[in-house]
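Colleague: Next comes the structure file start01.cif, holding mmCIF, C-alpha atoms.
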```
data_structure
#
loop_
_atom_site.label_atom_id
_atom_site.label_comp_id
_atom_site.auth_asym_id
_atom_site.auth_seq_id
_atom_site.Cartn_x
_atom_site.Cartn_y
_atom_site.Cartn_z
CA MET A 1 190.56 187.53 238.97
CA LEU A 2 190.23 189.16 242.38
CA LYS A 3 192.18 187.12 244.93
CA LYS A 4 191.04 185.97 248.33
CA ARG A 5 193.14 187.81 250.89
CA ILE A 6 195.15 186.27 253.73
CA ILE A 7 195.52 188.76 256.57
CA PRO A 8 197.70 188.20 259.63
CA CYS A 9 196.46 190.17 262.61
CA LEU A 10 198.87 191.60 265.12
CA ASP A 11 197.32 192.34 268.49
CA ILE A 12 199.37 195.07 270.11
CA GLN A 13 199.73 195.74 273.81
CA ASN A 14 202.29 198.21 275.13
CA GLY A 15 204.08 198.13 271.78
CA ARG A 16 204.45 194.31 271.73
CA THR A 17 202.53 191.72 269.73
CA VAL A 18 200.37 189.56 271.97
CA LYS A 19 197.82 186.81 271.49
CA GLY A 20 195.00 185.90 273.82
CA ILE A 21 192.71 182.89 273.93
CA ASN A 22 189.00 183.68 273.86
CA PHE A 23 189.87 187.34 274.42
CA GLU A 24 191.74 186.51 277.66
CA GLY A 25 195.04 184.95 278.77
CA ILE A 26 197.50 187.21 276.96
CA ARG A 27 200.84 185.79 275.75
CA ASP A 28 203.79 187.73 274.31
CA ALA A 29 204.39 187.03 270.60
CA GLY A 30 207.16 189.38 269.58
CA ASP A 31 208.05 192.74 268.04
CA PRO A 32 205.31 194.01 265.72
CA ILE A 33 207.61 195.57 263.14
CA GLU A 34 209.72 192.42 262.83
CA LEU A 35 206.63 190.25 262.53
CA ALA A 36 205.08 192.62 260.00
CA LYS A 37 208.19 192.51 257.82
CA ARG A 38 208.29 188.72 258.00
CA TYR A 39 204.64 188.49 256.94
CA VAL A 40 205.21 190.83 253.99
CA LEU A 41 208.12 188.69 252.79
CA GLU A 42 205.99 185.56 253.13
CA GLY A 43 203.21 187.04 251.00
CA ALA A 44 200.63 188.42 253.41
CA ASP A 45 198.06 190.42 251.42
CA GLU A 46 197.32 192.98 254.11
CA LEU A 47 198.03 193.43 257.80
CA VAL A 48 195.80 194.42 260.69
CA PHE A 49 197.19 195.97 263.86
CA LEU A 50 194.79 196.06 266.77
CA ASP A 51 195.73 197.83 269.97
CA ILE A 52 193.73 195.58 272.23
CA THR A 53 194.27 197.62 275.37
CA ALA A 54 193.21 200.88 273.82
CA THR A 55 189.47 200.88 274.36
CA ILE A 56 189.47 199.61 277.91
CA GLU A 57 192.19 201.93 279.09
CA LYS A 58 190.92 204.83 276.98
CA ARG A 59 194.39 205.02 275.53
CA LYS A 60 195.02 206.33 272.03
CA THR A 61 196.66 204.02 269.53
CA LEU A 62 200.27 204.93 269.18
CA SER A 63 200.68 206.94 266.02
CA ALA A 64 204.44 206.61 266.42
CA LEU A 65 204.16 202.86 265.88
CA VAL A 66 201.96 203.44 262.85
CA THR A 67 204.54 205.82 261.40
CA ARG A 68 207.23 203.13 261.76
CA ILE A 69 205.02 200.45 260.22
CA ALA A 70 204.13 202.69 257.27
CA ALA A 71 207.79 203.40 256.58
CA GLU A 72 208.74 199.73 256.63
CA ILE A 73 206.01 197.82 254.81
CA ASN A 74 204.77 198.02 251.22
CA ILE A 75 201.31 196.43 251.50
CA PRO A 76 198.09 197.91 252.90
CA PHE A 77 197.47 197.86 256.64
CA THR A 78 194.64 198.63 259.00
CA VAL A 79 194.94 200.08 262.49
CA GLY A 80 192.33 199.68 265.18
CA GLY A 81 191.87 200.01 268.89
CA GLY A 82 190.65 203.04 270.75
CA ILE A 83 189.79 205.08 267.64
CA SER A 84 186.77 206.97 268.93
CA THR A 85 186.75 210.30 267.08
CA LEU A 86 187.34 211.67 263.58
CA GLU A 87 190.52 213.24 264.95
CA ASP A 88 191.79 209.84 266.16
CA ALA A 89 191.15 208.36 262.71
CA ALA A 90 192.77 211.31 260.94
CA ALA A 91 195.89 210.94 263.10
CA MET A 92 196.22 207.26 262.12
CA ILE A 93 195.67 207.96 258.42
CA ARG A 94 198.12 210.87 258.43
CA ALA A 95 200.67 208.61 260.14
CA GLY A 96 200.32 206.26 257.15
CA ALA A 97 197.54 203.79 257.97
CA ASP A 98 195.51 202.79 254.91
CA LYS A 99 192.41 201.92 256.89
CA VAL A 100 191.11 202.40 260.40
CA SER A 101 189.07 199.79 262.19
CA ILE A 102 186.25 201.06 264.38
CA ASN A 103 184.54 198.81 266.91
CA SER A 104 183.14 200.04 270.24
CA ALA A 105 183.12 203.71 269.23
CA ALA A 106 180.85 202.98 266.24
CA VAL A 107 178.32 201.21 268.44
CA LYS A 108 178.35 204.12 270.85
CA ARG A 109 178.11 206.74 268.10
CA PRO A 110 177.34 205.25 264.65
CA GLU A 111 177.74 208.63 262.88
CA LEU A 112 181.48 208.26 263.42
CA LEU A 113 181.56 205.84 260.44
CA SER A 114 179.98 208.50 258.21
CA GLU A 115 182.26 211.23 259.47
CA ILE A 116 185.41 209.25 258.61
CA ALA A 117 183.97 208.05 255.28
CA ASN A 118 183.04 211.61 254.28
CA GLU A 119 186.48 212.91 255.14
CA PHE A 120 188.71 210.08 253.84
CA GLY A 121 186.44 207.80 251.80
CA SER A 122 184.64 204.56 252.63
CA GLN A 123 187.62 202.49 251.52
CA CYS A 124 189.49 203.39 254.70
CA VAL A 125 186.63 202.66 257.13
CA VAL A 126 186.57 199.12 258.50
CA LEU A 127 183.70 198.28 260.82
CA ALA A 128 184.98 195.67 263.27
CA ILE A 129 182.24 193.55 264.81
CA ASP A 130 182.84 191.09 267.64
CA THR A 131 179.97 188.65 267.54
CA LYS A 132 178.76 185.91 269.85
CA LYS A 133 176.02 183.35 269.34
CA GLU A 134 173.34 182.95 271.98
CA GLY A 135 170.59 180.54 271.06
CA ASP A 136 170.05 181.16 267.36
CA THR A 137 171.08 184.79 267.38
CA TRP A 138 174.48 186.41 266.84
CA TRP A 139 174.84 189.48 269.06
CA THR A 140 177.37 192.31 268.84
CA TYR A 141 179.80 192.77 271.70
CA VAL A 142 182.09 195.71 272.49
CA HIS A 143 184.97 196.62 274.81
CA GLY A 144 187.14 193.70 273.72
CA GLY A 145 184.23 191.28 273.96
CA ARG A 146 183.30 192.18 277.52
CA THR A 147 180.07 194.08 276.98
CA LYS A 148 176.99 192.81 275.16
CA THR A 149 175.05 195.36 273.12
CA ASP A 150 171.43 195.36 271.95
CA LYS A 151 172.56 195.11 268.30
CA LYS A 152 172.01 191.92 266.39
CA THR A 153 175.13 191.43 264.27
CA LEU A 154 173.30 191.12 260.94
CA ASP A 155 171.39 194.38 261.52
CA TRP A 156 174.50 196.18 262.70
CA ALA A 157 176.52 195.05 259.67
CA LYS A 158 173.83 196.35 257.29
CA GLU A 159 173.56 199.61 259.22
CA GLY A 160 177.34 200.02 259.17
CA GLU A 161 177.40 199.61 255.39
CA LYS A 162 174.71 202.29 255.00
CA LEU A 163 176.64 204.64 257.26
CA GLY A 164 179.73 204.39 255.06
CA ALA A 165 181.87 201.46 256.20
CA GLY A 166 183.85 200.10 253.24
CA GLU A 167 184.60 196.72 254.78
CA ILE A 168 183.55 194.57 257.74
CA LEU A 169 185.95 192.70 260.00
CA LEU A 170 183.78 190.02 261.55
CA THR A 171 185.23 188.19 264.56
CA SER A 172 183.38 185.25 266.02
CA MET A 173 183.95 185.18 269.77
CA ASN A 174 182.66 181.60 269.84
CA SER A 175 185.52 180.50 267.58
CA ASP A 176 188.29 182.95 268.44
CA GLY A 177 191.35 181.20 269.85
CA THR A 178 189.80 177.73 269.56
CA LYS A 179 191.43 176.69 266.24
CA THR A 180 188.25 174.82 265.35
CA GLY A 181 187.56 176.84 262.20
CA PHE A 182 185.83 180.07 261.27
CA SER A 183 182.16 180.42 262.26
CA LEU A 184 180.81 179.73 258.78
CA ASP A 185 177.16 180.46 259.56
CA VAL A 186 177.56 184.05 260.75
CA THR A 187 180.25 184.73 258.13
CA GLU A 188 177.92 183.60 255.35
CA MET A 189 174.92 185.39 256.84
CA VAL A 190 176.76 188.72 256.97
CA SER A 191 178.82 188.41 253.77
CA ALA A 192 175.74 187.49 251.73
CA ALA A 193 173.73 190.38 253.18
CA VAL A 194 176.11 193.28 252.55
CA GLY A 195 177.61 194.65 249.34
CA ILE A 196 180.99 195.43 250.89
CA PRO A 197 183.84 192.97 251.51
CA VAL A 198 183.80 190.91 254.71
CA ILE A 199 186.94 189.68 256.48
CA ALA A 200 186.32 186.44 258.37
CA SER A 201 188.10 186.27 261.71
CA GLY A 202 188.34 183.96 264.69
CA GLY A 203 189.00 180.23 264.83
CA ALA A 204 191.46 179.50 262.02
CA GLY A 205 193.52 176.46 263.01
CA SER A 206 194.25 174.67 259.74
CA MET A 207 194.54 175.32 256.02
CA GLU A 208 191.22 173.51 255.50
CA HIS A 209 189.52 176.18 257.61
CA PHE A 210 190.52 178.81 255.04
CA LYS A 211 189.27 176.61 252.21
CA ASP A 212 185.95 176.22 254.03
CA VAL A 213 185.45 179.93 254.63
CA PHE A 214 186.27 180.76 250.99
CA THR A 215 184.10 178.02 249.50
CA LYS A 216 181.14 178.07 251.89
CA THR A 217 180.80 181.83 252.44
CA GLU A 218 181.27 185.01 250.42
CA ALA A 219 184.10 186.22 252.67
CA SER A 220 186.71 188.23 250.74
CA ALA A 221 189.50 187.63 253.23
CA GLY A 222 190.51 185.41 256.12
CA LEU A 223 192.25 186.82 259.16
CA ALA A 224 194.25 184.93 261.76
CA ALA A 225 196.86 185.62 264.39
CA SER A 226 198.37 182.80 266.43
CA ILE A 227 198.71 180.22 263.65
CA PHE A 228 200.91 182.70 261.78
CA HIS A 229 202.71 184.08 264.84
CA TYR A 230 203.78 180.69 266.07
CA GLU A 231 204.52 179.45 262.53
CA GLU A 232 201.99 176.64 262.71
CA ILE A 233 200.95 177.52 259.18
CA ALA A 234 203.33 179.25 256.76
CA ILE A 235 201.60 181.74 254.47
CA PRO A 236 203.28 180.40 251.28
CA ASP A 237 202.13 176.86 252.15
CA LEU A 238 198.60 178.12 252.80
CA LYS A 239 198.50 179.93 249.48
CA ASN A 240 199.84 176.93 247.56
CA TYR A 241 197.22 174.76 249.24
CA LEU A 242 194.39 177.19 248.35
CA THR A 243 195.63 177.45 244.76
CA ASN A 244 195.47 173.64 244.51
CA GLN A 245 191.88 173.87 245.80
CA ASN A 246 191.09 176.30 242.93
CA ILE A 247 190.75 179.25 245.29
CA PRO A 248 192.45 182.32 243.76
CA THR A 249 195.20 183.79 245.93
CA ARG A 250 198.10 186.10 245.22
CA ILE A 251 201.25 184.04 244.87
CA ASN A 252 204.08 186.18 246.22
CA ASN A 253 205.59 188.32 243.48
CA MET B 1 213.69 215.87 242.72
CA ILE B 2 210.31 214.16 242.58
CA ALA B 3 207.25 216.23 243.45
CA ILE B 4 204.17 214.69 245.02
CA ILE B 5 201.25 217.02 244.52
CA LYS B 6 199.83 218.07 247.88
CA TYR B 7 196.07 218.28 247.98
CA ASN B 8 193.18 217.03 250.09
CA ALA B 9 193.76 213.34 249.36
CA GLY B 10 194.35 210.49 251.75
CA ASN B 11 197.37 208.40 250.87
CA ILE B 12 200.10 210.93 250.15
CA LYS B 13 202.23 209.62 253.03
CA SER B 14 202.20 206.12 251.50
CA VAL B 15 203.58 207.40 248.19
CA GLU B 16 206.27 209.36 250.00
CA ASN B 17 207.22 206.26 252.03
CA ALA B 18 207.38 204.11 248.89
CA LEU B 19 209.75 206.54 247.18
CA LEU B 20 211.94 206.72 250.30
CA ARG B 21 212.12 202.91 250.31
CA LEU B 22 213.41 203.11 246.73
CA GLY B 23 216.05 205.53 247.95
CA ARG B 24 214.57 208.52 246.10
CA ASP B 25 214.15 212.01 247.47
CA CYS B 26 210.77 213.63 247.11
CA VAL B 27 208.85 216.65 248.23
CA VAL B 28 205.14 216.94 248.96
CA THR B 29 204.16 220.32 247.61
CA ASP B 30 201.49 222.51 246.06
CA ASP B 31 204.03 225.18 245.06
CA GLU B 32 203.86 225.89 241.33
CA ALA B 33 207.58 226.54 240.82
CA GLU B 34 208.54 223.44 242.78
CA ILE B 35 206.15 221.24 240.80
CA ARG B 36 207.24 222.71 237.44
CA GLY B 37 210.89 222.19 238.33
CA ALA B 38 210.53 218.56 239.40
CA SER B 39 211.98 215.73 237.30
CA HIS B 40 208.86 213.64 237.90
CA VAL B 41 205.46 214.51 239.33
CA ILE B 42 203.17 212.10 241.18
CA PHE B 43 199.49 212.91 241.52
CA PRO B 44 198.20 210.51 244.18
CA GLY B 45 194.77 210.23 245.62
CA VAL B 46 192.22 208.53 247.70
CA GLY B 47 189.08 210.48 248.27
CA GLU B 48 186.07 211.99 246.59
CA ALA B 49 186.23 213.43 243.06
CA ARG B 50 184.18 216.62 243.40
CA SER B 51 185.87 218.03 246.50
CA ALA B 52 189.26 217.03 245.12
CA MET B 53 188.62 218.86 241.80
CA GLN B 54 187.29 221.89 243.66
CA TYR B 55 190.42 221.96 245.79
CA LEU B 56 192.64 221.73 242.71
CA ARG B 57 190.74 224.50 240.88
CA GLU B 58 190.83 226.87 243.84
CA ARG B 59 194.62 226.60 243.84
CA ARG B 60 194.89 226.59 240.03
CA LEU B 61 196.57 223.19 240.25
CA ASP B 62 194.17 221.88 237.57
CA LYS B 63 195.73 224.07 234.86
CA LEU B 64 199.22 223.43 236.21
CA ILE B 65 198.87 219.62 236.04
CA LYS B 66 197.56 219.69 232.45
CA ASP B 67 200.44 221.94 231.45
CA LEU B 68 203.24 219.78 232.88
CA LYS B 69 205.87 218.50 230.43
CA GLN B 70 207.79 216.07 232.65
CA PRO B 71 206.55 212.52 233.36
CA VAL B 72 203.40 212.66 235.52
CA LEU B 73 201.92 209.63 237.31
CA GLY B 74 198.34 209.71 238.55
CA ILE B 75 197.36 207.07 241.11
CA CYS B 76 193.82 205.85 241.91
CA LEU B 77 191.70 209.01 242.31
CA GLY B 78 194.58 210.77 240.54
CA GLN B 79 193.94 208.61 237.46
CA GLN B 80 190.21 209.24 237.65
CA LEU B 81 190.70 213.02 237.91
CA MET B 82 192.89 212.91 234.78
CA CYS B 83 189.91 211.58 232.77
CA THR B 84 187.20 213.77 231.25
CA HIS B 85 184.31 213.28 233.65
CA SER B 86 183.46 211.28 236.77
CA GLU B 87 180.04 210.03 237.76
CA GLU B 88 181.09 210.61 241.36
CA ASN B 89 178.99 213.67 242.17
CA ASP B 90 178.86 214.51 238.43
CA THR B 91 182.36 216.00 238.32
CA GLU B 92 184.13 217.58 235.37
CA CYS B 93 187.73 216.41 235.52
CA LEU B 94 191.03 217.40 233.91
CA GLY B 95 190.37 215.82 230.51
CA ILE B 96 193.88 214.50 229.87
CA PHE B 97 192.65 210.98 229.06
CA ASP B 98 189.65 210.51 226.81
CA SER B 99 187.79 208.25 229.25
CA LEU B 100 184.70 208.47 231.44
CA VAL B 101 184.74 207.43 235.09
CA LYS B 102 181.73 205.40 236.20
CA LYS B 103 180.57 203.59 239.31
CA PHE B 104 180.76 199.79 239.43
CA PRO B 105 177.30 198.24 239.16
CA PRO B 106 176.49 196.35 242.40
CA LYS B 107 176.90 192.90 240.83
CA ASP B 108 179.78 192.04 243.13
CA LYS B 109 181.37 193.55 246.24
CA VAL B 110 182.02 197.28 245.90
CA PRO B 111 184.60 198.66 246.52
CA HIS B 112 186.74 196.45 244.30
CA MET B 113 189.23 195.80 247.09
CA GLY B 114 192.28 193.58 247.06
CA TRP B 115 194.81 192.03 244.71
CA ASN B 116 193.90 191.54 241.08
CA ASP B 117 195.74 190.82 237.83
CA PHE B 118 195.35 192.06 234.25
CA THR B 119 193.80 191.02 231.00
CA GLU B 120 196.32 193.17 229.14
CA VAL B 121 199.43 195.22 229.94
CA LYS B 122 201.60 197.24 227.56
CA GLY B 123 203.83 200.31 227.44
CA THR B 124 206.77 201.73 229.34
CA LEU B 125 205.16 201.74 232.78
CA PHE B 126 204.53 198.01 232.61
CA LYS B 127 207.95 196.99 231.28
CA GLY B 128 208.93 193.59 232.72
CA PHE B 129 205.35 193.01 233.80
CA SER B 130 203.22 189.99 233.13
CA PRO B 131 199.40 190.06 233.09
CA THR B 132 199.43 187.49 235.91
CA ASP B 133 201.20 189.87 238.30
CA ASP B 134 198.86 191.00 241.07
CA VAL B 135 198.55 194.58 242.25
CA TYR B 136 196.44 196.18 244.96
CA PHE B 137 193.19 197.91 244.04
CA VAL B 138 190.68 199.73 246.19
CA HIS B 139 188.06 201.76 244.35
CA SER B 140 184.33 202.05 243.69
CA TYR B 141 184.63 204.01 240.42
CA TYR B 142 186.53 202.94 237.30
CA ALA B 143 187.78 204.53 234.07
CA GLU B 144 186.31 203.00 230.92
CA ILE B 145 188.56 201.27 228.42
CA CYS B 146 189.72 203.85 225.85
CA ALA B 147 192.46 204.52 223.28
CA ASP B 148 194.84 205.52 226.10
CA THR B 149 194.42 202.26 228.03
CA THR B 150 197.76 200.53 228.70
CA ALA B 151 196.52 198.02 231.29
CA ALA B 152 193.10 196.43 231.48
CA CYS B 153 191.61 194.62 234.46
CA ASP B 154 188.37 192.68 234.68
CA TYR B 155 186.19 193.11 237.77
CA VAL B 156 182.43 193.02 237.12
CA LEU B 157 183.44 194.50 233.75
CA PRO B 158 186.65 195.41 231.88
CA PHE B 159 188.15 198.75 232.97
CA SER B 160 191.36 200.77 232.63
CA ALA B 161 193.90 199.74 235.26
CA GLY B 162 196.51 201.86 233.50
CA LEU B 163 196.42 204.81 231.08
CA GLN B 164 199.02 206.74 229.13
CA LYS B 165 199.02 209.72 226.83
CA ASP B 166 202.17 211.70 225.98
CA ASN B 167 203.97 212.39 229.28
CA PHE B 168 200.94 211.46 231.38
CA TYR B 169 200.77 208.02 233.04
CA ALA B 170 198.21 206.68 235.46
CA THR B 171 197.25 203.58 237.42
CA GLN B 172 193.96 202.75 239.08
CA PHE B 173 195.78 200.43 241.47
CA HIS B 174 198.20 201.52 244.19
CA PRO B 175 201.83 200.79 243.20
CA GLU B 176 202.92 202.20 246.56
CA LYS B 177 200.95 199.40 248.27
CA SER B 178 201.57 196.61 245.76
CA ALA B 179 204.68 195.04 247.28
CA LYS B 180 207.43 194.17 244.78
CA ALA B 181 205.17 194.46 241.72
CA GLY B 182 204.38 198.04 242.71
CA GLU B 183 208.05 198.85 243.12
CA VAL B 184 208.63 197.73 239.52
CA ILE B 185 205.96 200.19 238.37
CA LEU B 186 207.43 203.06 240.39
CA ARG B 187 210.96 202.30 239.16
CA ASN B 188 209.75 202.15 235.55
CA PHE B 189 208.08 205.53 236.00
CA LEU B 190 211.15 207.11 237.58
CA ASN B 191 213.28 205.80 234.69
CA ILE B 192 211.18 207.69 232.14
CA LYS B 193 213.04 210.75 230.90
CA ARG B 194 211.45 214.08 230.16
CA THR B 195 211.20 214.55 226.41
CA GLY B 196 210.41 217.45 224.11
CA ILE B 197 210.42 221.00 225.41
#
```
Take the structure in this file and express it as structure tokens.
Modeller:
Amino acid sequence: MLKKRIIPCLDIQNGRTVKGINFEGIRDAGDPIELAKRYVLEGADELVFLDITATIEKRKTLSALVTRIAAEINIPFTVGGGISTLEDAAAMIRAGADKVSINSAAVKRPELLSEIANEFGSQCVVLAIDTKKEGDTWWTYVHGGRTKTDKKTLDWAKEGEKLGAGEILLTSMNSDGTKTGFSLDVTEMVSAAVGIPVIASGGAGSMEHFKDVFTKTEASAGLAASIFHYEEIAIPDLKNYLTNQNIPTRINN
Amino acid sequence: MIAIIKYNAGNIKSVENALLRLGRDCVVTDDEAEIRGASHVIFPGVGEARSAMQYLRERRLDKLIKDLKQPVLGICLGQQLMCTHSEENDTECLGIFDSLVKKFPPKDKVPHMGWNDFTEVKGTLFKGFSPTDDVYFVHSYYAEICADTTAACDYVLPFSAGLQKDNFYATQFHPEKSAKAGEVILRNFLNIKRTGI
């Protein structure tokens, strides 16, 4: 049976892992390679590295860091942040990234998703959507959550799938950093509407939150950062808990 | 020396890294003499079937691969290209394994992405393996179950997660991305000795 994936996210700034609260208030959380290795040993199913300064500062994600990560870890990983052209994506993939996550650049120029998918396959194209609820509608934001777009998140997710995205990383800005649980409504709305896997992100604060997102939505994976960084939840404990709740996870082997 | 066949596929670096982690030297090459002289050949792949087959034909790597006598391991698209035909852009493949490659019907999420286990595993490549061991898959097309199937997985329908015929081995999943379970597969492959001529 296909397992639900647990994905620690490492936000990278100037080569260090950092974690913000509601997209602001950055705190240092350690060396990314050391953290990545620890997560692999603990049974993480994939890793996501997001260079959170990249888009705003127009800086390219460091392919040197990706090369080091690829040499050290033996599970799939995604790299995002500042990837705005096919050449940027190709550099990450050649450095050893399994997938690239595209956010602002895809909103600005949606064809980018198709270009990367045509060159390297849909399986390596992750469409990252930062979403925020206003009234009854979830809207797509870009530039690290600073800029609202005219794209409703549901429409954008469907469009992204058509353009060639192989997966969607859906981050709820309303929940991110709050530890009050994933935004189940938008996660279910998007995961039920698309035929590609959806990674739920933003708001995980307890093991129950993962149970909720896997039982109440069609999310294929749950992503979190600070609860893993600060060892509030250990991945083996989380997986044992989910197994006891009859949710299939990979037990470290 | 282990040869990784160089062609227009995506994850060659990952395979190289995995072998280096196992302490094994390897070379990424499309040179005929180098490939023929290798102890083991790995045929990796993430990408699209038609352009990959065209690339191989233009460089006569298609005939070379079929002709190899040492242990050969196809991975993901590599496995699919070693079958007879792929539905992906109606592509004639190498025809080493007597299996057809088809697209998953959209009854569940496609691509089949993530960690999955087996309904059956057998043969040298899976020595020490249990069907409950999870490995990492990411694919939208699958090889049908056939006489060469050594590992079967069930996602939407049963398909070949592993194939073997003579000196040719293949996995649909990515051993180079499957943590410790994947390392077992790679070690098993590298322990296979060339037989016959």
Colleague: Within 7 Å of chain A, which residues belong to chain B? Use only C-alpha atoms and report them as a PyMOL selection string.
Modeller: chain B and resi 10+13-14+17+47-48+109-111+114-117+133-134+138+176-181
Colleague: When distances are computed from only C-alpha atoms, which of A:Ala36, A:Val100, A:Ile233, A:Val48 shows the smallest separation from A:Ser201?
Modeller: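 Looking only at the distances to A:Ser201, the closest residue turns out to be A:Val48.
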Colleague: Would you compute the distance between atom CA of B:Asp148 and atom CA of B:Gln54? Give it in Å to one decimal.
Modeller: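 Computed distance, atom CA of B:Asp148 to atom CA of B:Gln54, equals 25.2 Å.
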Colleague: Once the PyMOL selection byres ((chain B and resi 33-35) around 12) has been applied to the shown file, what residues remain in the selection, as number ranges by chain?
Modeller: B: 1-6, 26-32, 36-43, 61, 64-65, 67-72
Colleague: Expand the PyMOL selection byres ((chain B and resi 188) around 10) into the explicit residue set it covers here, and present it as a PDB file with C-alpha atoms, in the frame of the given file.
Modeller:
```pdb
ATOM      1  CA  THR B 124     206.770 201.730 229.340  1.00  0.00           C
ATOM      2  CA  LEU B 125     205.160 201.740 232.780  1.00  0.00           C
ATOM      3  CA  PHE B 126     204.530 198.010 232.610  1.00  0.00           C
ATOM      4  CA  LYS B 127     207.950 196.990 231.280  1.00  0.00           C
ATOM      5  CA  GLY B 128     208.930 193.590 232.720  1.00  0.00           C
ATOM      6  CA  GLY B 182     204.380 198.040 242.710  1.00  0.00           C
ATOM      7  CA  GLU B 183     208.050 198.850 243.120  1.00  0.00           C
ATOM      8  CA  VAL B 184     208.630 197.730 239.520  1.00  0.00           C
ATOM      9  CA  ILE B 185     205.960 200.190 238.370  1.00  0.00           C
ATOM     10  CA  LEU B 186     207.430 203.060 240.390  1.00  0.00           C
ATOM     11  CA  ARG B 187     210.960 202.300 239.160  1.00  0.00           C
ATOM     12  CA  PHE B 189     208.080 205.530 236.000  1.00  0.00           C
ATOM     13  CA  LEU B 190     211.150 207.110 237.580  1.00  0.00           C
ATOM     14  CA  ASN B 191     213.280 205.800 234.690  1.00  0.00           C
ATOM     15  CA  ILE B 192     211.180 207.690 232.140  1.00  0.00           C
TER      16      ILE B 192
END
```
Colleague: Could you check how far atom CA of A:Phe210 sits from atom CA of A:Glu34, in Å to one decimal?
Modeller: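 Going from atom CA of A:Phe210 over to atom CA of A:Glu34 covers 24.8 Å.
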Colleague: For A:Glu208, please output as a compact mmCIF listing (two decimals) with C-alpha atoms, keeping the file's coordinate frame all residues within 12 Å (counting all atoms listed in the file; exclusion window: fewer than 5 positions along the same chain).
Modeller:
```txt
# COMPACT_ATOMS: atom_id res chain seq x y z
CA LYS A 179 191.43 176.69 266.24
CA THR A 180 188.25 174.82 265.35
CA GLY A 181 187.56 176.84 262.20
CA PHE A 182 185.83 180.07 261.27
CA GLY A 203 189.00 180.23 264.83
CA VAL A 213 185.45 179.93 254.63
CA PHE A 214 186.27 180.76 250.99
CA THR A 215 184.10 178.02 249.50
CA LYS A 216 181.14 178.07 251.89
CA GLY A 222 190.51 185.41 256.12
CA ILE A 233 200.95 177.52 259.18
CA ASP A 237 202.13 176.86 252.15
CA LEU A 238 198.60 178.12 252.80
CA LYS A 239 198.50 179.93 249.48
CA TYR A 241 197.22 174.76 249.24
CA LEU A 242 194.39 177.19 248.35
CA ASN A 244 195.47 173.64 244.51
CA GLN A 245 191.88 173.87 245.80
CA ILE A 247 190.75 179.25 245.29
```
Colleague: Given the file shown, enumerate the residues that the PyMOL selection byres ((chain A and resi 138-152) around 12) captures and present them as a PyMOL selection string.
Modeller: chain A and resi 11+20-24+50-58+80-82+102-108+110+127-137+153-160+170-174+176+183+185-187+189-190
Colleague: Select from stretch 11-83 of chain B every residue with an atom at most 8 Å from any atom of stretch 95-106 of chain B, then for each give the shortest pair of atoms and their distance in Å to one decimal, using only C-alpha atoms, rows by chain and rising number, as a tab-separated table.
Modeller:
```
residue	atom	partner	partner_atom	distance
B:Lys66	CA	B:Ile96	CA	6.9
B:Gln80	CA	B:Val101	CA	6.3
B:Leu81	CA	B:Gly95	CA	7.9
B:Met82	CA	B:Ile96	CA	5.3
B:Cys83	CA	B:Phe97	CA	4.7
```
